[in-house]
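Shown next: structure23.txt, containing compact mmCIF, C-alpha atoms.
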# COMPACT_ATOMS: atom_id res chain seq x y z
CA MET A 159 92.51 158.11 59.03
CA VAL A 160 91.02 159.63 55.89
CA GLY A 161 91.61 158.27 52.41
CA TYR A 162 93.56 161.35 51.36
CA ALA A 163 95.95 161.31 54.36
CA SER A 164 99.05 160.87 52.21
CA SER A 165 98.14 163.64 49.76
CA LYS A 166 96.65 166.04 52.30
CA ASP A 167 99.44 168.61 51.96
CA ASP A 168 99.22 168.53 48.17
CA GLN A 169 95.47 169.01 48.25
CA LEU A 170 95.78 171.91 50.71
CA LYS A 171 98.36 173.54 48.47
CA ARG A 172 96.02 173.18 45.47
CA LEU A 173 93.08 174.57 47.40
CA ARG A 174 95.13 177.59 48.52
CA ARG A 175 96.12 178.20 44.90
CA ILE A 176 92.44 177.97 43.91
CA GLU A 177 91.55 180.46 46.64
CA GLY A 178 94.13 182.77 45.07
CA GLN A 179 92.59 182.23 41.65
CA VAL A 180 89.12 183.10 42.96
CA ARG A 181 90.46 186.24 44.64
CA GLY A 182 92.19 187.09 41.35
CA LEU A 183 88.81 186.72 39.65
CA GLN A 184 87.27 189.22 42.06
CA ARG A 185 90.03 191.69 41.28
CA MET A 186 89.51 191.18 37.53
CA VAL A 187 85.78 191.86 37.86
CA GLU A 188 86.39 194.88 40.10
CA GLU A 189 88.80 196.30 37.54
CA ASP A 190 86.37 195.70 34.65
CA THR A 191 88.60 193.17 32.89
CA TYR A 192 87.32 192.09 29.48
CA CYS A 193 84.66 189.33 29.82
CA ILE A 194 86.51 186.72 27.77
CA ASP A 195 89.67 187.10 29.87
CA VAL A 196 87.64 186.63 33.05
CA LEU A 197 86.01 183.55 31.50
CA THR A 198 89.42 182.04 30.70
CA GLN A 199 90.36 182.34 34.36
CA VAL A 200 87.04 180.87 35.50
CA SER A 201 87.73 177.84 33.27
CA ALA A 202 91.21 177.50 34.81
CA ALA A 203 89.81 177.59 38.36
CA THR A 204 87.11 175.07 37.43
CA LYS A 205 89.71 172.70 36.01
CA ALA A 206 91.82 173.08 39.16
CA LEU A 207 88.80 172.19 41.34
CA GLN A 208 88.17 169.12 39.18
CA SER A 209 91.76 168.01 39.74
CA VAL A 210 91.21 168.24 43.49
CA ALA A 211 88.06 166.16 43.09
CA LEU A 212 89.76 163.52 40.96
CA GLY A 213 92.61 163.29 43.47
CA LEU A 214 90.20 162.87 46.39
CA LEU A 215 88.27 160.23 44.51
CA GLU A 216 91.40 158.29 43.62
CA ASP A 217 92.55 158.31 47.24
CA HIS A 218 89.06 157.36 48.37
CA MET A 219 88.99 154.34 46.09
CA ALA A 220 92.55 153.31 47.02
CA HIS A 221 91.80 153.35 50.73
CA CYS A 222 88.19 153.55 51.90
CA MET A 223 86.77 151.46 49.08
CA VAL A 224 89.50 148.86 49.12
CA GLU A 225 88.96 148.47 52.85
CA ALA A 226 85.20 148.17 52.41
CA ALA A 227 85.72 145.55 49.68
CA ARG A 228 87.70 143.44 52.12
CA VAL A 229 85.01 143.76 54.79
CA GLY A 230 82.30 143.02 52.19
CA GLY A 231 78.56 142.91 52.88
CA ALA A 232 76.50 145.99 53.74
CA GLU A 233 79.58 148.12 54.41
CA GLN A 234 80.82 147.42 50.88
CA GLU A 235 77.41 148.11 49.35
CA ALA A 236 77.13 151.43 51.17
CA LYS A 237 80.58 152.59 50.08
CA LEU A 238 79.95 151.62 46.46
CA ARG A 239 76.61 153.46 46.39
CA GLU A 240 78.23 156.54 47.92
CA ALA A 241 81.17 156.54 45.51
CA ALA A 242 78.91 156.04 42.48
CA ASP A 243 76.78 159.00 43.60
CA ALA A 244 79.85 161.19 44.12
CA ILE A 245 81.15 160.32 40.65
CA ALA A 246 77.74 161.09 39.11
CA ARG A 247 77.68 164.50 40.83
CA LEU A 248 81.17 165.17 39.51
CA VAL A 249 80.42 164.12 35.95
CA ARG A 250 77.27 166.22 35.90
CA SER A 251 78.80 169.32 37.50
CA MET B 264 82.20 199.56 29.68
CA VAL B 265 82.40 195.80 30.12
CA GLY B 266 79.59 193.45 29.14
CA TYR B 267 78.91 192.50 32.75
CA ALA B 268 78.64 196.09 34.04
CA SER B 269 75.05 195.69 35.18
CA SER B 270 75.65 192.41 37.03
CA LYS B 271 79.09 193.27 38.41
CA ASP B 272 77.92 193.43 42.03
CA ASP B 273 76.11 190.11 41.72
CA GLN B 274 79.15 188.45 40.21
CA LEU B 275 81.42 189.85 42.94
CA LYS B 276 79.02 188.55 45.59
CA ARG B 277 79.09 185.10 43.98
CA LEU B 278 82.88 185.10 43.73
CA ARG B 279 83.19 186.06 47.42
CA ARG B 280 80.87 183.21 48.30
CA ILE B 281 82.99 180.84 46.20
CA GLU B 282 86.13 182.09 47.98
CA GLY B 283 84.38 181.19 51.24
CA GLN B 284 83.53 177.74 49.85
CA VAL B 285 87.17 177.15 48.87
CA ARG B 286 88.36 178.25 52.31
CA GLY B 287 85.76 175.92 53.80
CA LEU B 288 87.24 173.12 51.71
CA GLN B 289 90.70 173.82 53.13
CA ARG B 290 89.27 173.61 56.64
CA MET B 291 87.54 170.33 55.80
CA VAL B 292 90.77 168.83 54.49
CA GLU B 293 92.76 170.14 57.47
CA GLU B 294 90.25 168.57 59.85
CA ASP B 295 90.32 165.23 57.98
CA THR B 296 86.69 165.40 56.91
CA TYR B 297 85.44 162.23 55.20
CA CYS B 298 86.43 162.19 51.48
CA ILE B 299 82.90 161.96 50.14
CA ASP B 300 81.77 164.99 52.15
CA VAL B 301 84.70 166.99 50.81
CA LEU B 302 83.81 165.85 47.28
CA THR B 303 80.23 167.05 47.70
CA GLN B 304 81.53 170.51 48.56
CA VAL B 305 83.96 170.50 45.64
CA SER B 306 81.02 169.76 43.32
CA ALA B 307 79.08 172.65 44.86
CA ALA B 308 81.98 175.08 44.34
CA THR B 309 82.43 173.85 40.76
CA LYS B 310 78.76 174.42 40.00
CA ALA B 311 78.97 177.91 41.52
CA LEU B 312 81.95 178.76 39.29
CA GLN B 313 80.01 177.51 36.26
CA SER B 314 77.14 179.84 37.16
CA VAL B 315 79.57 182.76 37.21
CA ALA B 316 80.84 181.68 33.78
CA LEU B 317 77.35 181.32 32.32
CA GLY B 318 76.40 184.76 33.68
CA LEU B 319 79.53 186.35 32.17
CA LEU B 320 78.87 184.68 28.85
CA GLU B 321 75.26 185.80 28.75
CA ASP B 322 76.26 189.40 29.49
CA HIS B 323 79.03 189.16 26.93
CA MET B 324 76.63 188.04 24.23
CA ALA B 325 74.02 190.64 25.18
CA HIS B 326 76.50 193.50 24.96
CA CYS B 327 79.88 192.91 23.31
CA MET B 328 78.60 190.49 20.71
CA VAL B 329 75.46 192.43 19.87
CA GLU B 330 77.61 195.52 19.38
CA ALA B 331 80.07 193.62 17.19
CA ALA B 332 77.17 192.25 15.13
CA ARG B 333 76.03 195.79 14.40
CA VAL B 334 79.54 196.84 13.39
CA GLY B 335 79.93 193.66 11.28
CA GLY B 336 83.04 192.70 9.32
CA ALA B 337 86.30 191.68 10.94
CA GLU B 338 85.25 192.94 14.37
CA GLN B 339 82.22 190.65 14.27
CA GLU B 340 84.28 187.68 13.07
CA ALA B 341 86.84 188.16 15.84
CA LYS B 342 84.20 188.38 18.56
CA LEU B 343 82.41 185.28 17.30
CA ARG B 344 85.64 183.27 17.17
CA GLU B 345 86.54 184.39 20.68
CA ALA B 346 83.11 183.56 22.10
CA ALA B 347 83.04 180.14 20.42
CA ASP B 348 86.46 179.35 21.90
CA ALA B 349 85.37 180.47 25.37
CA ILE B 350 82.25 178.29 25.17
CA ALA B 351 84.34 175.31 24.03
CA ARG B 352 86.71 175.77 26.99
CA LEU B 353 83.72 175.94 29.31
CA VAL B 354 82.01 172.87 27.91
CA ARG B 355 85.23 170.88 28.09
CA SER B 356 86.23 172.02 31.59
CA MET C 190 67.86 179.03 5.99
CA VAL C 191 69.25 177.51 9.15
CA GLY C 192 72.38 178.78 10.85
CA TYR C 193 74.30 175.60 10.08
CA ALA C 194 73.50 175.60 6.34
CA SER C 195 77.14 175.87 5.28
CA SER C 196 78.36 173.09 7.58
CA LYS C 197 75.34 170.81 7.17
CA ASP C 198 77.28 168.12 5.28
CA ASP C 199 80.07 168.14 7.84
CA GLN C 200 77.61 167.81 10.69
CA LEU C 201 75.80 164.95 8.96
CA LYS C 202 79.11 163.19 8.42
CA ARG C 203 79.96 163.58 12.10
CA LEU C 204 76.55 162.33 13.19
CA ARG C 205 76.86 159.26 10.96
CA ARG C 206 80.24 158.55 12.49
CA ILE C 207 78.72 158.91 15.97
CA GLU C 208 75.94 156.50 14.97
CA GLY C 209 78.68 154.07 14.01
CA GLN C 210 80.39 154.60 17.37
CA VAL C 211 77.15 153.90 19.22
CA ARG C 212 76.57 150.74 17.20
CA GLY C 213 80.17 149.77 17.95
CA LEU C 214 79.37 150.24 21.64
CA GLN C 215 76.43 147.85 21.35
CA ARG C 216 78.69 145.26 19.77
CA MET C 217 81.28 145.73 22.52
CA VAL C 218 78.65 145.20 25.22
CA GLU C 219 77.17 142.20 23.38
CA GLU C 220 80.63 140.63 23.16
CA ASP C 221 81.35 141.27 26.85
CA THR C 222 84.21 143.67 26.18
CA TYR C 223 86.08 144.73 29.30
CA CYS C 224 84.24 147.61 31.09
CA ILE C 225 87.11 150.10 30.92
CA ASP C 226 87.46 149.63 27.15
CA VAL C 227 83.75 150.25 26.70
CA LEU C 228 84.04 153.36 28.89
CA THR C 229 86.86 154.72 26.73
CA GLN C 230 84.60 154.45 23.68
CA VAL C 231 81.69 156.07 25.53
CA SER C 232 83.97 159.03 26.32
CA ALA C 233 84.98 159.26 22.66
CA ALA C 234 81.35 159.29 21.49
CA THR C 235 80.47 161.90 24.14
CA LYS C 236 83.31 164.16 22.97
CA ALA C 237 82.17 163.72 19.36
CA LEU C 238 78.62 164.78 20.30
CA GLN C 239 80.02 167.82 22.08
CA SER C 240 81.89 168.80 18.93
CA VAL C 241 78.64 168.66 17.00
CA ALA C 242 77.03 170.86 19.64
CA LEU C 243 79.86 173.40 19.63
CA GLY C 244 79.73 173.56 15.84
CA LEU C 245 75.97 174.11 15.84
CA LEU C 246 76.30 176.80 18.48
CA GLU C 247 79.05 178.60 16.59
CA ASP C 248 76.96 178.60 13.41
CA HIS C 249 73.93 179.71 15.36
CA MET C 250 75.78 182.69 16.79
CA ALA C 251 77.32 183.60 13.45
CA HIS C 252 73.97 183.66 11.69
CA CYS C 253 70.78 183.63 13.74
CA MET C 254 72.17 185.72 16.59
CA VAL C 255 73.97 188.22 14.39
CA GLU C 256 70.75 188.70 12.44
CA ALA C 257 68.72 189.13 15.63
CA ALA C 258 71.27 191.67 16.89
CA ARG C 259 70.71 193.76 13.78
CA VAL C 260 66.95 193.61 14.20
CA GLY C 261 67.28 194.41 17.92
CA GLY C 262 64.39 194.65 20.38
CA ALA C 263 62.31 191.68 21.47
CA GLU C 264 63.65 189.43 18.71
CA GLN C 265 67.18 190.03 19.97
CA GLU C 266 66.19 189.43 23.59
CA ALA C 267 64.47 186.16 22.73
CA LYS C 268 67.43 184.84 20.73
CA LEU C 269 69.88 185.77 23.50
CA ARG C 270 67.77 184.07 26.17
CA GLU C 271 67.48 180.96 24.02
CA ALA C 272 71.21 180.79 23.26
CA ALA C 273 72.15 181.32 26.91
CA ASP C 274 69.82 178.48 27.92
CA ALA C 275 71.26 176.17 25.25
CA ILE C 276 74.80 176.93 26.42
CA ALA C 277 73.82 176.27 30.05
CA ARG C 278 72.31 172.88 29.08
CA LEU C 279 75.50 172.06 27.22
CA VAL C 280 77.85 173.07 30.04
CA ARG C 281 75.79 171.10 32.56
CA SER C 282 75.42 167.98 30.42
CA MET D 188 82.42 137.50 33.29
CA VAL D 189 82.34 141.25 32.79
CA GLY D 190 81.42 143.70 35.54
CA TYR D 191 78.23 144.73 33.76
CA ALA D 192 76.92 141.18 33.22
CA SER D 193 73.77 141.73 35.28
CA SER D 194 72.87 145.02 33.58
CA LYS D 195 73.94 144.06 30.07
CA ASP D 196 70.38 144.01 28.69
CA ASP D 197 69.62 147.38 30.23
CA GLN D 198 72.77 148.90 28.79
CA LEU D 199 72.03 147.46 25.34
CA LYS D 200 68.53 148.90 25.50
CA ARG D 201 69.94 152.31 26.39
CA LEU D 202 72.52 152.16 23.61
CA ARG D 203 69.83 151.26 21.07
CA ARG D 204 67.79 154.21 22.25
CA ILE D 205 70.87 156.46 21.88
CA GLU D 206 71.42 155.12 18.36
CA GLY D 207 67.82 156.15 17.64
CA GLN D 208 68.50 159.61 19.09
CA VAL D 209 71.58 160.03 16.89
CA ARG D 210 69.62 158.95 13.82
CA GLY D 211 66.91 161.40 14.85
CA LEU D 212 69.59 164.10 14.97
CA GLN D 213 70.63 163.28 11.40
CA ARG D 214 67.03 163.62 10.30
CA MET D 215 66.71 166.95 12.11
CA VAL D 216 69.82 168.30 10.40
CA GLU D 217 68.71 166.97 7.00
CA GLU D 218 65.35 168.69 7.42
CA ASP D 219 66.98 171.99 8.47
CA THR D 220 65.51 171.94 11.97
CA TYR D 221 66.17 175.11 13.95
CA CYS D 222 69.68 175.04 15.53
CA ILE D 223 68.49 175.39 19.11
CA ASP D 224 66.10 172.45 18.79
CA VAL D 225 68.91 170.31 17.38
CA LEU D 226 71.13 171.41 20.29
CA THR D 227 68.49 170.36 22.82
CA GLN D 228 68.51 166.87 21.33
CA VAL D 229 72.31 166.74 21.30
CA SER D 230 72.29 167.55 25.03
CA ALA D 231 69.75 164.77 25.63
CA ALA D 232 71.89 162.22 23.75
CA THR D 233 75.00 163.37 25.64
CA LYS D 234 73.24 162.91 28.97
CA ALA D 235 72.06 159.46 27.90
CA LEU D 236 75.64 158.45 27.03
CA GLN D 237 76.81 159.71 30.42
CA SER D 238 74.20 157.53 32.10
CA VAL D 239 75.59 154.52 30.25
CA ALA D 240 79.09 155.48 31.41
CA LEU D 241 78.03 155.94 35.04
CA GLY D 242 76.26 152.58 34.97
CA LEU D 243 79.31 150.83 33.53
CA LEU D 244 81.54 152.46 36.10
CA GLU D 245 79.29 151.48 38.99
CA ASP D 246 79.21 147.87 37.82
CA HIS D 247 82.96 147.94 37.28
CA MET D 248 83.58 149.11 40.84
CA ALA D 249 81.09 146.63 42.29
CA HIS D 250 82.71 143.67 40.57
CA CYS D 251 86.14 144.09 38.99
CA MET D 252 87.44 146.53 41.59
CA VAL D 253 86.03 144.69 44.57
CA GLU D 254 87.64 141.52 43.28
CA ALA D 255 90.97 143.26 42.73
CA ALA D 256 90.80 144.71 46.26
CA ARG D 257 90.50 141.21 47.66
CA VAL D 258 93.47 140.00 45.62
CA GLY D 259 95.47 143.11 46.59
CA GLY D 260 98.99 143.93 45.39
CA ALA D 261 99.83 144.83 41.81
CA GLU D 262 96.45 143.67 40.49
CA GLN D 263 94.71 146.07 42.85
CA GLU D 264 97.05 148.95 41.95
CA ALA D 265 96.51 148.40 38.23
CA LYS D 266 92.72 148.34 38.55
CA LEU D 267 92.71 151.48 40.69
CA ARG D 268 94.91 153.38 38.24
CA GLU D 269 92.71 152.29 35.35
CA ALA D 270 89.48 153.27 37.08
CA ALA D 271 90.88 156.66 38.14
CA ASP D 272 91.92 157.34 34.53
CA ALA D 273 88.50 156.33 33.19
CA ILE D 274 86.77 158.63 35.71
CA ALA D 275 89.08 161.50 34.75
CA ARG D 276 88.27 161.01 31.05
CA LEU D 277 84.59 161.00 31.91
CA VAL D 278 84.71 164.13 34.07
CA ARG D 279 86.69 165.97 31.41
CA SER D 280 84.55 164.88 28.47

This structure in structure tokens:
Amino acid sequence: MVGYASSKDDQLKRLRRIEGQVRGLQRMVEEDTYCIDVLTQVSAATKALQSVALGLLEDHMAHCMVEAARVGGAEQEAKLREAADAIARLVRS
Amino acid sequence: MVGYASSKDDQLKRLRRIEGQVRGLQRMVEEDTYCIDVLTQVSAATKALQSVALGLLEDHMAHCMVEAARVGGAEQEAKLREAADAIARLVRS
Amino acid sequence: MVGYASSKDDQLKRLRRIEGQVRGLQRMVEEDTYCIDVLTQVSAATKALQSVALGLLEDHMAHCMVEAARVGGAEQEAKLREAADAIARLVRS
Amino acid sequence: MVGYASSKDDQLKRLRRIEGQVRGLQRMVEEDTYCIDVLTQVSAATKALQSVALGLLEDHMAHCMVEAARVGGAEQEAKLREAADAIARLVRS
């Protein structure tokens, strides 16, 4: 079972909404919408993607990392390394 | 004419690719892909959206803002305010 | 004259406050303050630095870029390139 | 003992270097350094602060959160909530 099992439906709903936002962006560009208005929508889609990421991360910590912490040892080290790298990618993106 | 007229096709291509990435994310979640692998793809899609934003902003400055600077006065003030706000939203998203 | 001439005092005040925040962070770490409380202060200092950056950028656009736009040509191109690069560094940091 | 006990000296060294960067920024502004050059240094200081944050977070997960995961229950829930909030602040700053 994945860490996000209990919020899977929510995450799928968010991702479908983001797909809609990205398609809306294509329409805006096709119809020559004013740059700043397109930018506002890009910021909204970016924020929505970040919410998905933060949700995934929270679920990951609450399940996969907690489990690894109970196992301890190399498994725990590997999960911590992996999570720290994912957070760094997120903070820097 | 919008500021991004000359890069419109490029931007549309990028946005279609991002739509594909977001659909790929839905598939990953549906198929219970490991959280960290989903997160990596979310970071990639976020970075791609930021590239669209930076491209739009650059075009906006090169056209709309340059034009407003030549007109001067209230038009220039309004464009500067608007651009500064868009950049702030981008930096904080 | 630099672009930020009229807000120089404000920016200096902000930077001195940020210096104080960073020194406060050192004290927190020295005194073994709880990680999450240190992190909250790091986020505050980061946001404060971003405000300095957004202010500098706004002033830069309002003065240096407007001037370059009136001159036009290579000068304008160079300033636009430079500003776009600075914004990209800011968005990605 | 705090989560960052083993990297305390490193973190202090980094924070002192950041303090130096912020003082350098004050000098640059006082001496009317060109906006874009100041901005480059602001981005560098921001990145340095983010590295401190990522280091603190990694240590926090490796110690405080691992410990809480072994205890389980309300303690674990509280630590997870707290860490998720700190990561969200970081991603959004």

Hey, which bits of chain A sit within 12 Å of region 286-303 of chain B, and for each residue what's the closest pair of atoms and how far apart in Å (one decimal), counting only C-alpha atoms, rows by chain and increasing number, as a Markdown table?
| residue | atom | partner | partner_atom | distance |
| --- | --- | --- | --- | --- |
| A:Met159 | CA | B:Asp295 | CA | 7.5 |
| A:Val160 | CA | B:Asp295 | CA | 6.0 |
| A:Gly161 | CA | B:Cys298 | CA | 6.6 |
| A:Tyr162 | CA | B:Cys298 | CA | 7.2 |
| A:Ala163 | CA | B:Asp295 | CA | 7.8 |
| A:Ser164 | CA | B:Asp295 | CA | 11.3 |
| A:Ser165 | CA | B:Val292 | CA | 10.2 |
| A:Lys166 | CA | B:Val292 | CA | 6.9 |
| A:Asp167 | CA | B:Glu293 | CA | 8.8 |
| A:Asp168 | CA | B:Val292 | CA | 10.6 |
| A:Gln169 | CA | B:Val292 | CA | 7.8 |
| A:Leu170 | CA | B:Gln289 | CA | 5.9 |
| A:Lys171 | CA | B:Gln289 | CA | 9.0 |
| A:Arg172 | CA | B:Gln289 | CA | 9.3 |
| A:Leu173 | CA | B:Gln289 | CA | 6.2 |
| A:Arg174 | CA | B:Gln289 | CA | 7.4 |
| A:Arg175 | CA | B:Arg286 | CA | 10.7 |
| A:Ile176 | CA | B:Arg286 | CA | 9.3 |
| A:Glu177 | CA | B:Arg286 | CA | 6.9 |
| A:Gly178 | CA | B:Arg286 | CA | 10.3 |
| A:Val180 | CA | B:Arg286 | CA | 10.6 |
| A:Arg181 | CA | B:Arg286 | CA | 11.3 |
| A:Leu207 | CA | B:Leu302 | CA | 10.0 |
| A:Gln208 | CA | B:Leu302 | CA | 9.8 |
| A:Ser209 | CA | B:Leu302 | CA | 11.2 |
| A:Val210 | CA | B:Leu302 | CA | 8.7 |
| A:Ala211 | CA | B:Leu302 | CA | 6.0 |
| A:Leu212 | CA | B:Leu302 | CA | 9.0 |
| A:Gly213 | CA | B:Leu302 | CA | 9.9 |
| A:Leu214 | CA | B:Cys298 | CA | 6.4 |
| A:Leu215 | CA | B:Cys298 | CA | 7.5 |
| A:Glu216 | CA | B:Cys298 | CA | 10.1 |
| A:Asp217 | CA | B:Cys298 | CA | 8.4 |
| A:His218 | CA | B:Cys298 | CA | 6.3 |
| A:Met219 | CA | B:Cys298 | CA | 9.9 |
| A:Ala220 | CA | B:Cys298 | CA | 11.7 |
| A:His221 | CA | B:Cys298 | CA | 10.4 |
| A:Cys222 | CA | B:Cys298 | CA | 8.8 |
| A:Met223 | CA | B:Cys298 | CA | 11.0 |
| A:Lys237 | CA | B:Ile299 | CA | 9.7 |
| A:Leu238 | CA | B:Ile299 | CA | 11.4 |
| A:Arg239 | CA | B:Ile299 | CA | 11.2 |
| A:Glu240 | CA | B:Ile299 | CA | 7.5 |
| A:Ala241 | CA | B:Ile299 | CA | 7.3 |
| A:Ala242 | CA | B:Ile299 | CA | 10.5 |
| A:Asp243 | CA | B:Ile299 | CA | 9.4 |
| A:Ala244 | CA | B:Ile299 | CA | 6.8 |
| A:Ile245 | CA | B:Leu302 | CA | 9.0 |
| A:Ala246 | CA | B:Thr303 | CA | 10.7 |
| A:Arg247 | CA | B:Thr303 | CA | 7.8 |
| A:Leu248 | CA | B:Leu302 | CA | 8.2 |
| A:Val249 | CA | B:Leu302 | CA | 12.0 |
| A:Ser251 | CA | B:Thr303 | CA | 10.5 |

Could the residues in this selection be written to a file with C-alpha atoms, as a PDB file, in the frame of the given file?
ATOM      1  CA  MET A 159      92.510 158.110  59.030  1.00  0.00           C
ATOM      2  CA  VAL A 160      91.020 159.630  55.890  1.00  0.00           C
ATOM      3  CA  GLY A 161      91.610 158.270  52.410  1.00  0.00           C
ATOM      4  CA  TYR A 162      93.560 161.350  51.360  1.00  0.00           C
ATOM      5  CA  ALA A 163      95.950 161.310  54.360  1.00  0.00           C
ATOM      6  CA  SER A 164      99.050 160.870  52.210  1.00  0.00           C
ATOM      7  CA  SER A 165      98.140 163.640  49.760  1.00  0.00           C
ATOM      8  CA  LYS A 166      96.650 166.040  52.300  1.00  0.00           C
ATOM      9  CA  ASP A 167      99.440 168.610  51.960  1.00  0.00           C
ATOM     10  CA  ASP A 168      99.220 168.530  48.170  1.00  0.00           C
ATOM     11  CA  GLN A 169      95.470 169.010  48.250  1.00  0.00           C
ATOM     12  CA  LEU A 170      95.780 171.910  50.710  1.00  0.00           C
ATOM     13  CA  LYS A 171      98.360 173.540  48.470  1.00  0.00           C
ATOM     14  CA  ARG A 172      96.020 173.180  45.470  1.00  0.00           C
ATOM     15  CA  LEU A 173      93.080 174.570  47.400  1.00  0.00           C
ATOM     16  CA  ARG A 174      95.130 177.590  48.520  1.00  0.00           C
ATOM     17  CA  ARG A 175      96.120 178.200  44.900  1.00  0.00           C
ATOM     18  CA  ILE A 176      92.440 177.970  43.910  1.00  0.00           C
ATOM     19  CA  GLU A 177      91.550 180.460  46.640  1.00  0.00           C
ATOM     20  CA  GLY A 178      94.130 182.770  45.070  1.00  0.00           C
ATOM     21  CA  VAL A 180      89.120 183.100  42.960  1.00  0.00           C
ATOM     22  CA  ARG A 181      90.460 186.240  44.640  1.00  0.00           C
ATOM     23  CA  LEU A 207      88.800 172.190  41.340  1.00  0.00           C
ATOM     24  CA  GLN A 208      88.170 169.120  39.180  1.00  0.00           C
ATOM     25  CA  SER A 209      91.760 168.010  39.740  1.00  0.00           C
ATOM     26  CA  VAL A 210      91.210 168.240  43.490  1.00  0.00           C
ATOM     27  CA  ALA A 211      88.060 166.160  43.090  1.00  0.00           C
ATOM     28  CA  LEU A 212      89.760 163.520  40.960  1.00  0.00           C
ATOM     29  CA  GLY A 213      92.610 163.290  43.470  1.00  0.00           C
ATOM     30  CA  LEU A 214      90.200 162.870  46.390  1.00  0.00           C
ATOM     31  CA  LEU A 215      88.270 160.230  44.510  1.00  0.00           C
ATOM     32  CA  GLU A 216      91.400 158.290  43.620  1.00  0.00           C
ATOM     33  CA  ASP A 217      92.550 158.310  47.240  1.00  0.00           C
ATOM     34  CA  HIS A 218      89.060 157.360  48.370  1.00  0.00           C
ATOM     35  CA  MET A 219      88.990 154.340  46.090  1.00  0.00           C
ATOM     36  CA  ALA A 220      92.550 153.310  47.020  1.00  0.00           C
ATOM     37  CA  HIS A 221      91.800 153.350  50.730  1.00  0.00           C
ATOM     38  CA  CYS A 222      88.190 153.550  51.900  1.00  0.00           C
ATOM     39  CA  MET A 223      86.770 151.460  49.080  1.00  0.00           C
ATOM     40  CA  LYS A 237      80.580 152.590  50.080  1.00  0.00           C
ATOM     41  CA  LEU A 238      79.950 151.620  46.460  1.00  0.00           C
ATOM     42  CA  ARG A 239      76.610 153.460  46.390  1.00  0.00           C
ATOM     43  CA  GLU A 240      78.230 156.540  47.920  1.00  0.00           C
ATOM     44  CA  ALA A 241      81.170 156.540  45.510  1.00  0.00           C
ATOM     45  CA  ALA A 242      78.910 156.040  42.480  1.00  0.00           C
ATOM     46  CA  ASP A 243      76.780 159.000  43.600  1.00  0.00           C
ATOM     47  CA  ALA A 244      79.850 161.190  44.120  1.00  0.00           C
ATOM     48  CA  ILE A 245      81.150 160.320  40.650  1.00  0.00           C
ATOM     49  CA  ALA A 246      77.740 161.090  39.110  1.00  0.00           C
ATOM     50  CA  ARG A 247      77.680 164.500  40.830  1.00  0.00           C
ATOM     51  CA  LEU A 248      81.170 165.170  39.510  1.00  0.00           C
ATOM     52  CA  VAL A 249      80.420 164.120  35.950  1.00  0.00           C
ATOM     53  CA  SER A 251      78.800 169.320  37.500  1.00  0.00           C
TER      54      SER A 251
END

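If you measure from each of C:Ser232, C:Ala237, C:Arg259, C:Gln210 to chain B using all atoms listed in the file, the closest one turns out to be C:Arg259.
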
Between CA of Arg355 (chain B) and CA of Ala233 (chain C) lies a distance of 12.8 Å

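Across the model, the gap from CA of Glu225 (chain A) to CA of Ala308 (chain B) is 28.8 Å.
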